[in-house]
Structure formats: C-alpha cells, structure tokens
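J.: What follows is input-v6.txt, compact mmCIF, C-alpha atoms and all ligand atoms.
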```txt
# COMPACT_ATOMS: atom_id res chain seq x y z
CA MET A 225 76.24 137.90 241.62
CA SER A 226 78.11 141.06 240.62
CA LEU A 227 79.48 143.20 243.43
CA ASN A 228 78.11 146.71 243.35
CA LEU A 229 80.11 149.25 245.36
CA ASP A 230 77.07 151.40 246.28
CA THR A 231 75.07 148.40 247.48
CA LEU A 232 78.00 147.13 249.55
CA ARG A 233 78.45 150.56 251.16
CA LEU A 234 74.74 150.66 252.01
CA GLN A 235 75.25 147.30 253.67
CA ILE A 236 78.16 148.73 255.72
CA ASP A 237 76.01 151.75 256.69
CA SER A 238 73.25 149.52 257.95
CA LEU A 239 75.73 147.36 259.92
CA ASP A 240 77.26 150.50 261.46
CA HIS A 241 73.78 151.52 262.68
CA LYS A 242 73.51 148.21 264.50
CA LEU A 243 77.10 148.35 265.78
CA ILE A 244 76.63 151.85 267.21
CA ALA A 245 73.44 150.82 268.98
CA LEU A 246 75.14 147.70 270.38
CA LEU A 247 78.29 149.58 271.46
CA ASN A 248 76.14 152.08 273.35
CA GLU A 249 74.11 149.32 274.92
CA ARG A 250 77.42 147.82 276.12
CA ALA A 251 78.60 151.22 277.36
CA GLN A 252 75.38 151.62 279.37
CA VAL A 253 75.98 148.25 281.06
CA SER A 254 79.52 149.29 281.92
CA LEU A 255 78.12 152.50 283.47
CA ASP A 256 75.84 150.27 285.57
CA ILE A 257 78.89 148.16 286.52
CA GLY A 258 80.63 151.37 287.62
CA ALA A 259 77.65 152.20 289.86
CA ALA A 260 77.61 148.64 291.23
CA LYS A 261 81.36 148.88 292.04
CA ARG A 262 80.76 152.10 294.00
CA GLU A 263 77.84 150.52 295.82
CA ALA A 264 79.92 147.45 296.67
CA LYS A 265 82.54 149.63 298.36
CA ASP A 266 81.64 150.00 302.05
CA SER A 267 82.98 153.52 302.23
CA GLN A 268 81.08 154.66 299.10
CA ASP A 269 84.34 156.44 298.51
CA GLU A 270 84.33 157.12 294.80
CA GLU A 271 88.01 158.15 294.87
CA ASN A 272 89.09 154.66 295.90
CA THR A 273 86.92 152.64 293.57
CA HIS A 274 88.90 150.71 291.00
CA VAL A 275 87.53 150.70 287.48
CA TYR A 276 90.46 148.91 285.85
CA ILE A 277 89.99 145.18 286.38
CA PRO A 278 92.89 143.33 284.67
CA GLY A 279 91.50 139.83 285.29
CA ARG A 280 88.16 140.70 283.71
CA GLU A 281 89.91 142.27 280.72
CA LYS A 282 92.02 139.14 280.22
CA GLN A 283 88.79 137.11 280.23
CA VAL A 284 87.20 139.43 277.64
CA PHE A 285 90.25 139.19 275.33
CA GLU A 286 90.26 135.38 275.62
CA LYS A 287 86.53 135.21 274.89
CA VAL A 288 86.80 137.56 271.90
CA THR A 289 89.69 135.55 270.44
CA ARG A 290 87.82 132.26 270.98
CA LEU A 291 84.57 133.53 269.45
CA ASN A 292 86.16 135.24 266.46
CA PRO A 293 84.97 133.43 263.29
CA GLY A 294 87.08 135.63 260.94
CA PRO A 295 87.84 137.11 258.50
CA LEU A 296 88.95 139.70 261.09
CA ALA A 297 92.45 138.90 262.42
CA ALA A 298 92.49 138.07 266.15
CA ASP A 299 94.95 140.94 266.78
CA SER A 300 92.67 143.43 264.99
CA LEU A 301 89.63 142.34 266.98
CA CYS A 302 91.60 142.57 270.24
CA ALA A 303 92.77 146.09 269.29
CA ILE A 304 89.12 147.07 268.71
CA TYR A 305 88.17 145.59 272.09
CA ARG A 306 91.08 147.39 273.75
CA GLU A 307 89.44 150.67 272.70
CA ILE A 308 85.93 149.52 273.64
CA MET A 309 87.14 148.68 277.16
CA SER A 310 89.19 151.88 277.36
CA ALA A 311 86.04 153.88 276.56
CA SER A 312 84.07 151.95 279.16
CA ILE A 313 86.75 152.62 281.83
CA ALA A 314 86.67 156.34 280.96
CA LEU A 315 82.86 156.35 281.22
CA GLN A 316 83.02 154.89 284.72
CA LYS A 317 85.63 157.34 285.98
CA ASP A 318 88.37 159.81 284.97
CA VAL A 319 91.49 157.68 284.98
CA MET A 320 95.04 159.05 284.90
CA VAL A 321 97.97 156.73 284.05
CA ALA A 322 101.57 157.72 284.88
CA TYR A 323 104.34 156.42 282.61
CA LEU A 324 108.06 156.98 282.08
CA GLY A 325 108.10 159.57 279.33
CA PRO A 326 108.38 161.66 277.31
CA VAL A 327 106.02 160.44 274.57
CA GLY A 328 107.50 157.66 272.42
CA SER A 329 109.09 155.58 275.20
CA PHE A 330 108.49 151.83 275.45
CA SER A 331 106.66 152.53 278.73
CA HIS A 332 104.32 154.83 276.79
CA ASP A 333 103.76 152.09 274.21
CA ALA A 334 103.06 149.52 276.95
CA SER A 335 100.68 151.95 278.71
CA MET A 336 98.70 152.70 275.53
CA LYS A 337 98.41 148.99 274.71
CA ARG A 338 97.17 148.34 278.26
CA PHE A 339 94.77 151.26 278.75
CA GLY A 340 93.86 152.44 275.23
CA ASP A 341 93.08 155.89 273.92
CA SER A 342 90.21 157.03 276.14
CA VAL A 343 92.05 157.39 279.46
CA GLN A 344 94.42 160.25 280.35
CA TYR A 345 98.20 159.87 280.50
CA ALA A 346 100.76 161.75 282.59
CA SER A 347 104.37 161.66 281.39
CA GLN A 348 106.98 161.37 284.19
CA GLY A 349 110.72 162.08 284.05
CA THR A 350 111.94 159.02 285.97
CA ILE A 351 110.74 155.62 287.21
CA ALA A 352 110.80 157.05 290.76
CA ASP A 353 108.44 159.82 289.60
CA VAL A 354 105.97 157.20 288.30
CA PHE A 355 105.94 155.59 291.75
CA GLU A 356 105.51 158.97 293.39
CA ALA A 357 102.60 159.98 291.12
CA VAL A 358 100.76 156.83 292.25
CA GLU A 359 101.80 157.11 295.91
CA ARG A 360 100.52 160.68 296.12
CA GLY A 361 97.29 159.82 294.33
CA ARG A 362 97.94 162.15 291.38
CA CYS A 363 97.55 159.12 289.11
CA GLN A 364 95.48 156.04 289.89
CA TYR A 365 97.77 153.74 287.88
CA GLY A 366 101.41 153.76 286.86
CA VAL A 367 103.36 151.68 284.33
CA VAL A 368 106.97 150.72 285.16
CA PRO A 369 109.46 148.42 283.38
CA PHE A 370 110.38 145.42 285.55
CA GLU A 371 112.66 143.18 283.49
CA ASN A 372 113.98 142.68 280.00
CA SER A 373 114.65 139.32 278.38
CA ILE A 374 118.21 140.33 277.41
CA ALA A 375 119.28 142.91 280.00
CA GLY A 376 117.55 141.43 283.07
CA SER A 377 115.97 143.33 285.96
CA VAL A 378 115.34 147.05 285.85
CA VAL A 379 117.17 148.05 289.03
CA PRO A 380 115.42 151.42 289.76
CA THR A 381 112.06 149.61 289.75
CA LEU A 382 113.24 146.89 292.16
CA ASP A 383 114.74 149.52 294.46
CA LYS A 384 111.51 151.54 294.52
CA PHE A 385 109.50 148.44 295.48
CA ILE A 386 111.73 148.07 298.56
CA LYS A 387 110.72 151.51 299.84
CA SER A 388 107.27 152.10 298.36
CA LYS A 389 103.80 151.08 299.51
CA VAL A 390 102.40 150.74 295.97
CA LYS A 391 101.04 147.37 294.87
CA ILE A 392 101.38 145.54 291.58
CA ARG A 393 97.93 145.17 289.99
CA ALA A 394 98.80 143.78 286.55
CA GLU A 395 101.67 142.73 284.30
CA THR A 396 102.14 143.16 280.57
CA TYR A 397 104.76 141.96 278.08
CA LEU A 398 105.92 144.15 275.20
CA PRO A 399 108.06 142.96 272.25
CA VAL A 400 110.89 145.52 271.96
CA HIS A 401 112.67 146.47 268.73
CA HIS A 402 115.36 149.14 268.85
CA TYR A 403 116.27 151.70 266.18
CA LEU A 404 119.29 153.92 265.75
CA LEU A 405 117.86 157.36 264.96
CA SER A 406 119.82 160.48 264.10
CA ASN A 407 120.00 163.63 262.00
CA SER A 408 123.49 162.54 261.00
CA THR A 409 124.99 159.54 259.17
CA THR A 410 126.31 156.43 260.96
CA GLU A 411 129.90 157.40 260.03
CA ALA A 412 129.53 160.93 261.48
CA VAL A 413 127.82 159.94 264.77
CA ARG A 414 129.98 160.91 267.77
CA ARG A 415 127.73 159.99 270.69
CA VAL A 416 124.76 157.73 271.30
CA TYR A 417 122.05 158.49 273.85
CA SER A 418 119.79 155.85 275.38
CA HIS A 419 118.48 154.28 278.57
CA PRO A 420 121.12 151.98 280.14
CA VAL A 421 118.79 148.96 279.86
CA ALA A 422 118.30 149.70 276.13
CA LEU A 423 122.08 150.08 275.59
CA ALA A 424 122.52 146.68 277.25
CA GLN A 425 120.11 145.15 274.71
CA CYS A 426 122.16 146.34 271.70
CA GLN A 427 125.70 145.31 272.66
CA ILE A 428 126.41 143.31 269.49
CA PHE A 429 125.38 146.20 267.24
CA LEU A 430 127.25 148.83 269.27
CA ASN A 431 130.44 146.75 269.38
CA SER A 432 130.42 146.04 265.67
CA GLN A 433 129.05 149.25 264.10
CA LEU A 434 129.81 151.99 266.64
CA LYS A 435 132.82 150.67 268.50
CA GLY A 436 134.43 153.21 270.82
CA ILE A 437 131.64 155.79 270.40
CA GLU A 438 130.63 157.70 273.54
CA LEU A 439 127.48 156.18 275.09
CA ILE A 440 125.39 158.54 277.21
CA PRO A 441 122.81 157.05 279.57
CA CYS A 442 119.43 158.86 279.84
CA ALA A 443 116.29 158.52 281.96
CA SER A 444 114.36 157.03 279.02
CA THR A 445 114.79 156.09 275.36
CA SER A 446 112.40 158.87 274.29
CA GLU A 447 114.39 161.45 276.27
CA ALA A 448 117.42 160.12 274.34
CA ALA A 449 115.60 160.79 271.06
CA GLN A 450 114.67 164.29 272.23
CA LEU A 451 118.32 165.05 273.11
CA ALA A 452 119.68 163.55 269.87
CA SER A 453 117.24 165.64 267.82
CA LYS A 454 118.84 168.83 269.19
CA GLU A 455 122.41 167.88 268.22
CA LYS A 456 124.20 167.54 264.92
CA TYR A 457 126.35 164.44 265.43
CA ALA A 458 124.30 162.52 267.99
CA ALA A 459 122.09 159.44 267.71
CA ALA A 460 119.57 157.72 269.96
CA ILE A 461 118.66 154.08 270.49
CA CYS A 462 114.90 154.04 270.93
CA ASN A 463 111.47 153.04 269.65
CA ARG A 464 110.71 153.50 265.94
CA VAL A 465 107.88 155.96 266.68
CA CYS A 466 110.47 158.47 267.96
CA ALA A 467 111.58 159.05 264.34
CA ASP A 468 108.29 160.84 263.59
CA ILE A 469 107.78 162.37 267.02
CA TYR A 470 111.24 163.97 267.25
CA GLY A 471 111.99 164.36 263.52
CA LEU A 472 114.90 161.92 263.27
CA ASP A 473 116.02 159.63 260.43
CA ILE A 474 116.23 155.87 260.77
CA LEU A 475 119.89 154.80 260.38
CA HIS A 476 119.50 151.17 261.51
CA ALA A 477 116.44 149.03 262.36
CA ASP A 478 116.05 146.08 264.75
CA ILE A 479 119.47 146.47 266.39
CA GLU A 480 118.59 144.47 269.55
CA ASP A 481 120.83 141.44 270.26
CA GLN A 482 117.87 139.04 270.00
CA GLN A 483 114.85 139.44 267.77
CA ASP A 484 112.43 138.06 270.40
CA ASN A 485 113.54 140.77 272.84
CA THR A 486 110.71 141.43 275.33
CA THR A 487 110.20 143.74 278.30
CA ARG A 488 107.85 142.97 281.14
CA PHE A 489 106.06 145.95 282.71
CA PHE A 490 104.06 146.18 285.91
CA ILE A 491 100.93 148.26 286.37
CA ILE A 492 101.18 149.69 289.87
CA SER A 493 98.38 151.07 291.99
CA ASP A 494 97.23 151.38 295.60
CA ALA A 495 95.59 147.94 295.56
CA TRP A 496 95.70 144.60 293.80
CA ASP A 497 92.57 142.89 292.58
CA ALA A 498 90.51 139.80 293.41
CA PRO A 499 91.72 136.29 292.46
CA THR A 500 91.34 135.01 288.89
CA VAL A 501 91.83 131.49 287.50
CA SER A 502 95.58 132.05 287.11
CA ASP A 503 97.49 134.59 289.19
CA LYS A 504 101.13 135.25 290.06
CA THR A 505 102.44 136.81 293.26
CA LEU A 506 105.67 138.73 293.88
CA LEU A 507 107.11 138.63 297.41
CA MET A 508 110.01 140.39 299.05
CA PHE A 509 112.01 139.37 302.12
CA THR A 510 115.37 139.91 303.77
CA VAL A 511 117.40 136.99 305.06
CA ASP A 512 119.72 137.17 308.03
CA HIS A 513 123.16 136.50 306.50
CA ARG A 514 124.47 135.24 309.86
CA LEU A 515 122.19 132.19 309.65
CA PRO A 516 123.78 129.57 307.41
CA GLY A 517 121.38 128.41 304.71
CA ALA A 518 118.83 131.17 305.40
CA LEU A 519 118.08 131.76 301.71
CA CYS A 520 117.86 128.03 301.09
CA ASP A 521 115.39 127.70 303.99
CA GLY A 522 113.39 130.62 302.56
CA LEU A 523 113.14 128.98 299.16
CA LYS A 524 112.21 125.67 300.77
CA VAL A 525 109.01 127.28 302.09
CA PHE A 526 107.89 127.73 298.48
CA LYS A 527 108.87 124.16 297.61
CA ASP A 528 106.97 122.83 300.64
CA HIS A 529 103.82 124.53 299.30
CA SER A 530 104.48 123.16 295.76
CA LEU A 531 104.84 126.69 294.38
CA ASN A 532 106.57 127.12 291.05
CA LEU A 533 109.00 130.07 291.09
CA THR A 534 109.03 132.24 287.96
CA LYS A 535 111.58 134.87 289.02
CA ILE A 536 114.16 135.39 291.71
CA ASP A 537 116.40 138.40 292.19
CA SER A 538 118.19 140.25 294.96
CA ARG A 539 119.17 143.82 295.75
CA PRO A 540 121.33 145.31 298.50
CA SER A 541 119.03 146.29 301.37
CA MET A 542 120.72 149.74 301.68
CA LEU A 543 120.52 149.27 305.45
CA ARG A 544 123.75 147.36 306.06
CA PRO A 545 126.56 146.20 303.73
CA TRP A 546 126.07 142.64 302.38
CA HIS A 547 122.47 142.53 303.55
CA TYR A 548 120.11 141.60 300.72
CA VAL A 549 116.45 141.89 299.86
CA PHE A 550 115.21 138.93 297.82
CA PHE A 551 112.39 139.13 295.29
CA VAL A 552 110.58 135.88 294.56
CA GLU A 553 107.68 135.51 292.15
CA CYS A 554 105.52 132.41 292.20
CA ALA A 555 102.90 131.23 289.74
CA GLY A 556 99.43 129.79 290.29
CA VAL A 557 98.72 131.57 293.55
CA HIS A 558 96.93 134.77 294.64
CA GLY A 559 98.26 137.05 297.39
CA ASP A 560 95.08 136.76 299.48
CA SER A 561 95.01 132.94 299.39
CA GLU A 562 95.47 130.69 302.41
CA VAL A 563 98.62 129.22 300.82
CA MET A 564 100.17 132.67 300.55
CA ASN A 565 99.15 133.56 304.12
CA ASN A 566 100.97 130.42 305.28
CA VAL A 567 104.04 131.19 303.14
CA VAL A 568 104.26 134.71 304.59
CA ALA A 569 103.86 133.39 308.17
CA GLU A 570 106.51 130.68 307.70
CA LEU A 571 108.99 133.05 306.04
CA GLY A 572 108.39 135.49 308.89
CA LYS A 573 109.88 132.99 311.35
CA PHE A 574 113.41 133.50 310.02
CA CYS A 575 113.23 136.31 307.43
CA LEU A 576 112.84 140.03 308.01
CA ASP A 577 110.43 142.45 306.29
CA VAL A 578 108.36 139.82 304.47
CA LYS A 579 106.01 141.68 302.12
CA ILE A 580 103.76 140.82 299.19
CA VAL A 581 104.60 143.40 296.52
CA GLY A 582 101.71 142.47 294.29
CA THR A 583 99.46 139.83 292.84
CA TYR A 584 98.16 139.89 289.28
CA PRO A 585 96.67 137.79 286.49
CA ASP A 586 99.33 135.70 284.74
CA GLN A 587 99.84 137.35 281.34
CA ARG A 588 102.89 135.40 280.18
CA PRO A 589 102.83 135.08 276.41
CA GLN A 590 101.87 131.54 275.33
CA ASP A 591 105.39 130.57 274.26
CA LEU A 592 106.78 131.41 277.70
CA ASN A 593 104.34 129.16 279.55
C1 LIG B 1 83.14 146.94 282.73
C2 LIG B 1 84.08 146.76 283.63
O1 LIG B 1 85.15 147.69 283.85
C3 LIG B 1 86.29 147.76 283.00
C4 LIG B 1 85.88 147.58 281.59
C5 LIG B 1 85.71 146.33 281.06
C6 LIG B 1 84.87 146.12 279.81
O2 LIG B 1 84.49 147.10 279.18
O3 LIG B 1 84.55 144.95 279.48
C7 LIG B 1 86.31 145.23 281.70
C8 LIG B 1 87.03 145.37 282.87
C9 LIG B 1 87.28 146.71 283.49
O4 LIG B 1 88.63 147.09 283.24
C10 LIG B 1 84.09 145.55 284.50
O5 LIG B 1 84.69 145.61 285.58
O6 LIG B 1 83.53 144.53 284.08
```
For this file, write the structure as structure tokens.
T.:
Amino acid sequence: MSLNLDTLRLQIDSLDHKLIALLNERAQVSLDIGAAKREAKDSQDEENTHVYIPGREKQVFEKVTRLNPGPLAADSLCAIYREIMSASIALQKDVMVAYLGPVGSFSHDASMKRFGDSVQYASQGTIADVFEAVERGRCQYGVVPFENSIAGSVVPTLDKFIKSKVKIRAETYLPVHHYLLSNSTTEAVRRVYSHPVALAQCQIFLNSQLKGIELIPCASTSEAAQLASKEKYAAAICNRVCADIYGLDILHADIEDQQDNTTRFFIISDAWDAPTVSDKTLLMFTVDHRLPGALCDGLKVFKDHSLNLTKIDSRPSMLRPWHYVFFVECAGVHGDSEVMNNVVAELGKFCLDVKIVGTYPDQRPQDLN
C-alpha cells in the first residue's frame, strides 16, 4: 500500500473531529464534577471549594501511562494530559498560582509542570511573599522549594512553615540543570548572581572555573538572570530558559555538582486533601531541651507506630536560644488518620507546638522509592 499524504491528512482531520468531540465531552463531565464539589461543601461557599485534587491527578497520570499502547511516548501523553486537566481545572474555577519569580525560575518551571497552561500565575519576589499570597487568599495555591538533593533544605521555606497557617497539599520533584549565562565571556566575568541554594549546587564548577569571583546571592535564579542581563561583566547561574527570556548567552551548560540534581517543591494552600492509596505527612514539634533524650523519645513515637521517616530537619525556634523546631516527614500515612491522631497526641505529652504541616500524595520518583 503506498502512503498518500493527502489521504493520511484526511485521516488526521477525521480523528481530530472525534478527539475534539471527546475532549469536550470530558470537559463537560469535569464541569459537572465542579458543580458536585460545590454541592458537597456544606457552606456552598464557592470561594473555598478546591478544584485541584493532586491524588486524583496522580491516578489519572498512572492510568494514562498504563493504558498507553504507543507509539506515543509516555512523557508526551502525560504532557497532553497535563494540559487537559489544566483546562478542566480552569473550567471549574478561576485558579491563581503564586510562585517565586520572575518568569524563568525553577519554581515557575515546577508550577507550570504541576498546573499547566490554562490556570493563572502570579509572580512573587520572595518565598515569604508566596506564603503571604496564599495566606491572604490572593492566590489559592502557591509553589515553594522545600529541599534540594545537593544543597539540602531551603531554610526560608522551613522558617515560614513555623509561623504560617498554610497547609501542604501536594509535592513535586523537578530535575534541575544549571547554566552559566552572561553577555560577557567566562574570562571577563567579574561577578556571578544566583540564589544561594543554586550557588551551593555548583560548588565544583565555581571553584574550578570561576575561583575567587564575587558571588552575589539573589532572591531567585531568574532575578539573577535579570540582573546579569543589565550588566556588562556579570553572569547568572540559572535555568536554561532564562537565556531566551533575558537575552543572555550560554557560557556553560549542566554545571551542577551532580547530574541527577533534583529539587522537591511543595504546593501550599489553605487545606490538604482526602487520603489516597499512598500519602506522606510532614509534622513539626519543639522538644524541651532540659529533658534528656526528648528528641529520641519523640522519634520513638514514630517507631512505635511503625512509621517510616523520609525526612528530618531542625531549625532554631526563634523564641529562645538553643531551642529547636523539628520537622519530621513520614511515609504511608495520611494526616487525618487514626495513626496520625495518636502520634500527635503522644508527642503532645512531652513536646511543644505539635502541628501537622501538611499531608499529600507520595510523588517520589520511582528510583527514590
Ligand atoms: C475533574 C476533577 O478536577 C481536577 C481535574 C482533573 C481531571 O481533569 O481529570 C482531575 C483532578 C482535579 O485536579 C476531579 O476532581 O476529578
């Protein structure tokens, strides 16, 4: 059978007819789901109805990947479904997502991959501003970096969780590759702008290629690119997309210390969602440093409930010197479960300010499980 271009294009046209009808049929069902969600809310308060359901989206992506017979690549099909679900969220409600900007940051990248093209985005100057946009209800969701596989915890995010009432609703992992962008040449560069966490991820490169150069910390990697674009002998360490956005040349690619460099982001909101088949929960508590073994006793509560810990970190409480807030994340448990109620009650016997910061579907990439 010879392949005729016109016949094949007619075939595509006819398939597009069917696809458009099916996509609209799906969109209508998602409108009905939106109405059902509003009805299910006692208050009928449209403002407080959540349209972004991370657990359901995870299920859809898993189903789509499982059902895919090819030749479409799984990643391509998931990208298509990302946009289908983004459109269906936007149909249900106007959604505004706050992220650490300006455009071109890794937070922006993570936000777009999580929410797609159909929702609205609001760029914020600092991580604290992202929290504030959600706290004040200007944005229903916010995306904040939580930890990086090379540089560790993102301190401003941890510190905001101590003070804020926002809840973690979802997590997402983003592979991070850094670029040195500039209008100058590597030899002529006099200063390098970037976010401190990004600078920490490129120590080997900086020590070998730009030893002794002035490093200037910024609020975000995209702000660094913006600043570098306005100077003659400056460079920025940032996402590749900043080259086009801010008109900079690529001097060096993939300058992160480890090629599998990954950042975990949290999607924050005013509420977490219902349990799924596999959730994680992040808790916070303060131990009394006068009680010997207080932290050990705290951790034993998790052991006694057979909970696997996936992250532990501490920050100064800012109330008294040498008084710490501990963050503990455990896997396989939802924040509203009986187990977690018991954990919170038991910790409360000898720890102060026990709080569940969030509970969310486990999105760890396969190779981390
Ligand atoms: C349609 C829903 O709302 C949103 C859109 C989804 C979709 O289009 O499949 C899935 C989850 C939600 O983020 C739903 O809750 O099922």
J.: Calculate how many Å separate atom CA of Lys261 of chain A from atom CA of Ser310 of chain A, rounding to one decimal.
T.: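 We find that atom CA of Lys261 of chain A and atom CA of Ser310 of chain A lie 16.9 Å from each other.
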J.: Rounded to one decimal in Å, what is the spacing between atom CA of Val567 of chain A and atom CA of Tyr276 of chain A?
T.: 28.2 Å
J.: Go through A:Thr273, A:Gln590, A:Ser312, A:Gln235 and flag the residue nearest ligand LIG 1 (chain B), using all atoms listed in the file for the distances.
T.: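 Counting all atoms listed in the file, the residue closest to ligand LIG 1 (chain B) is A:Ser312.
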J.: Which of these residues is nearest to ligand LIG 1 (chain B), using only C-alpha atoms and all ligand atoms: A:Leu227, A:Gln427, A:Ala498, A:Glu371?
T.: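 So, comparing all the options, the nearest one is A:Ala498.
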J.: Counting only C-alpha atoms and all ligand atoms, which protein, DNA or RNA residues come within 10 Å of ligand LIG 1 (chain B), given as a PyMOL selection string?
T.: chain A and resi 250-258+260-261+274-285+305-317+338-339
J.: Please identify all polymer residues within 12 Å of Arg360 of chain A, counting all atoms listed in the file, omitting same-chain residues fewer than 2 positions from it, and present them as a ChimeraX atom specification.
T.: /A:322,353-358,362-366,388-390,493-494
J.: Pick the closest to Ala458 of chain A from A:Met320, A:Cys520, A:Met542, A:Leu404: which is it, counting all atoms listed in the file?
T.: A:Leu404
J.: What's the 10 Å shell around Asp473 of chain A, counting only C-alpha atoms, without same-chain residues fewer than 6 positions away, as a PyMOL selection string?
T.: chain A and resi 403-409+453+459+464+466-467
J.: Once you have the residues from the selection above, write them out as a PDB file, in the frame of the given file, restricted to C-alpha atoms.
T.:
```pdb
ATOM      1  CA  TYR A 403     116.270 151.700 266.180  1.00  0.00           C
ATOM      2  CA  LEU A 404     119.290 153.920 265.750  1.00  0.00           C
ATOM      3  CA  LEU A 405     117.860 157.360 264.960  1.00  0.00           C
ATOM      4  CA  SER A 406     119.820 160.480 264.100  1.00  0.00           C
ATOM      5  CA  ASN A 407     120.000 163.630 262.000  1.00  0.00           C
ATOM      6  CA  SER A 408     123.490 162.540 261.000  1.00  0.00           C
ATOM      7  CA  THR A 409     124.990 159.540 259.170  1.00  0.00           C
ATOM      8  CA  SER A 453     117.240 165.640 267.820  1.00  0.00           C
ATOM      9  CA  ALA A 459     122.090 159.440 267.710  1.00  0.00           C
ATOM     10  CA  ARG A 464     110.710 153.500 265.940  1.00  0.00           C
ATOM     11  CA  CYS A 466     110.470 158.470 267.960  1.00  0.00           C
ATOM     12  CA  ALA A 467     111.580 159.050 264.340  1.00  0.00           C
TER      13      ALA A 467
END
```
J.: One decimal, in Å: what's the spacing between atom CA of Gly328 of chain A and atom CA of Ala449 of chain A?
T.: 8.8 Å
J.: Do you know which residues are at most 12 Å from Val327 of chain A counting only C-alpha atoms, after dropping those on the same chain fewer than 5 positions away, and could you put them as JSON, numbers by chain?
T.: {"A": [322, 332, 333, 334, 335, 336, 345, 346, 347, 348, 349, 444, 445, 446, 447, 448, 449, 450, 462, 463, 465, 466, 467, 468, 469, 470]}
J.: Go ahead and write the selection's residues with C-alpha atoms as a tab-separated table (two decimals), in the coordinates of the input.
T.:
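So the final result, stored in part.tsv, reads:
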```tsv
chain	number	residue	atom	x	y	z
A	322	ALA	CA	101.57	157.72	284.88
A	332	HIS	CA	104.32	154.83	276.79
A	333	ASP	CA	103.76	152.09	274.21
A	334	ALA	CA	103.06	149.52	276.95
A	335	SER	CA	100.68	151.95	278.71
A	336	MET	CA	98.70	152.70	275.53
A	345	TYR	CA	98.20	159.87	280.50
A	346	ALA	CA	100.76	161.75	282.59
A	347	SER	CA	104.37	161.66	281.39
A	348	GLN	CA	106.98	161.37	284.19
A	349	GLY	CA	110.72	162.08	284.05
A	444	SER	CA	114.36	157.03	279.02
A	445	THR	CA	114.79	156.09	275.36
A	446	SER	CA	112.40	158.87	274.29
A	447	GLU	CA	114.39	161.45	276.27
A	448	ALA	CA	117.42	160.12	274.34
A	449	ALA	CA	115.60	160.79	271.06
A	450	GLN	CA	114.67	164.29	272.23
A	462	CYS	CA	114.90	154.04	270.93
A	463	ASN	CA	111.47	153.04	269.65
A	465	VAL	CA	107.88	155.96	266.68
A	466	CYS	CA	110.47	158.47	267.96
A	467	ALA	CA	111.58	159.05	264.34
A	468	ASP	CA	108.29	160.84	263.59
A	469	ILE	CA	107.78	162.37	267.02
A	470	TYR	CA	111.24	163.97	267.25
```
J.: Could you give me, as a list in words, the residues within 8 Å of segment 395-402 of chain A, counting all atoms listed in the file and dropping anything in the same chain fewer than 5 positions from it?
T.: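 Counting all atoms listed in the file, the residues come to Phe330, Ala334, Arg338, Ala422, Cys426, Ile461, Cys462, Asn463, Arg464, Ala477, Asp478, Ile479, Glu480, Gln483, Asp484, Asn485, Thr486, Thr487, Arg488, Phe489, Phe490, Ile491, Tyr584, Pro585, Asp586, Gln587, Arg588 and Pro589 of chain A.
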J.: Near segment 550-560 of chain A, within 9 Å and counting all atoms listed in the file, which residues show up once chain neighbours fewer than 5 positions away are dropped, as a compact mmCIF listing (two decimals) with C-alpha atoms, keeping the file's coordinate frame?
T.:
```
# COMPACT_ATOMS: atom_id res chain seq x y z
CA LEU A 382 113.24 146.89 292.16
CA TRP A 496 95.70 144.60 293.80
CA ALA A 498 90.51 139.80 293.41
CA PRO A 499 91.72 136.29 292.46
CA THR A 500 91.34 135.01 288.89
CA VAL A 501 91.83 131.49 287.50
CA SER A 502 95.58 132.05 287.11
CA ASP A 503 97.49 134.59 289.19
CA LYS A 504 101.13 135.25 290.06
CA THR A 505 102.44 136.81 293.26
CA LEU A 506 105.67 138.73 293.88
CA LEU A 507 107.11 138.63 297.41
CA MET A 508 110.01 140.39 299.05
CA PHE A 509 112.01 139.37 302.12
CA THR A 510 115.37 139.91 303.77
CA VAL A 511 117.40 136.99 305.06
CA LEU A 519 118.08 131.76 301.71
CA LEU A 523 113.14 128.98 299.16
CA PHE A 526 107.89 127.73 298.48
CA LEU A 531 104.84 126.69 294.38
CA ASN A 532 106.57 127.12 291.05
CA LEU A 533 109.00 130.07 291.09
CA THR A 534 109.03 132.24 287.96
CA LYS A 535 111.58 134.87 289.02
CA ILE A 536 114.16 135.39 291.71
CA ASP A 537 116.40 138.40 292.19
CA SER A 538 118.19 140.25 294.96
CA ARG A 539 119.17 143.82 295.75
CA PRO A 540 121.33 145.31 298.50
CA ASN A 565 99.15 133.56 304.12
CA ILE A 580 103.76 140.82 299.19
CA VAL A 581 104.60 143.40 296.52
CA GLY A 582 101.71 142.47 294.29
CA THR A 583 99.46 139.83 292.84
CA TYR A 584 98.16 139.89 289.28
CA PRO A 585 96.67 137.79 286.49
CA ASP A 586 99.33 135.70 284.74
```
J.: Where's the centre, and what are the edge lengths in Å to one decimal, of a box along x, y and z enclosing all listed atoms of segment 302-316 of chain A padded 8 Å per side, as AutoDock Vina command-line options?
T.:
```
--center_x 87.8 --center_y 149.5 --center_z 276.7 --size_x 25.9 --size_y 29.8 --size_z 32.0
```
J.: With all atoms listed in the file as the atoms that count, which of A:Ser342, A:Thr231, A:Ile492, A:Thr350 lies nearest to Phe385 of chain A?
T.: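 Nearest candidate to Phe385 of chain A out of A:Ser342, A:Thr231, A:Ile492, A:Thr350: A:Ile492.
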J.: For Ile386 of chain A, which of A:Thr410, A:Ser541, A:Asn372, A:Asn228 is the closest residue, counting only C-alpha atoms?
T.: A:Ser541
J.: Of the candidates A:Leu472, A:Leu423, A:Leu291, A:Val367, which one gets nearest to Ala394 of chain A if we count only C-alpha atoms?
T.: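 When distances to Ala394 of chain A are compared using only C-alpha atoms, the smallest one comes from A:Val367.
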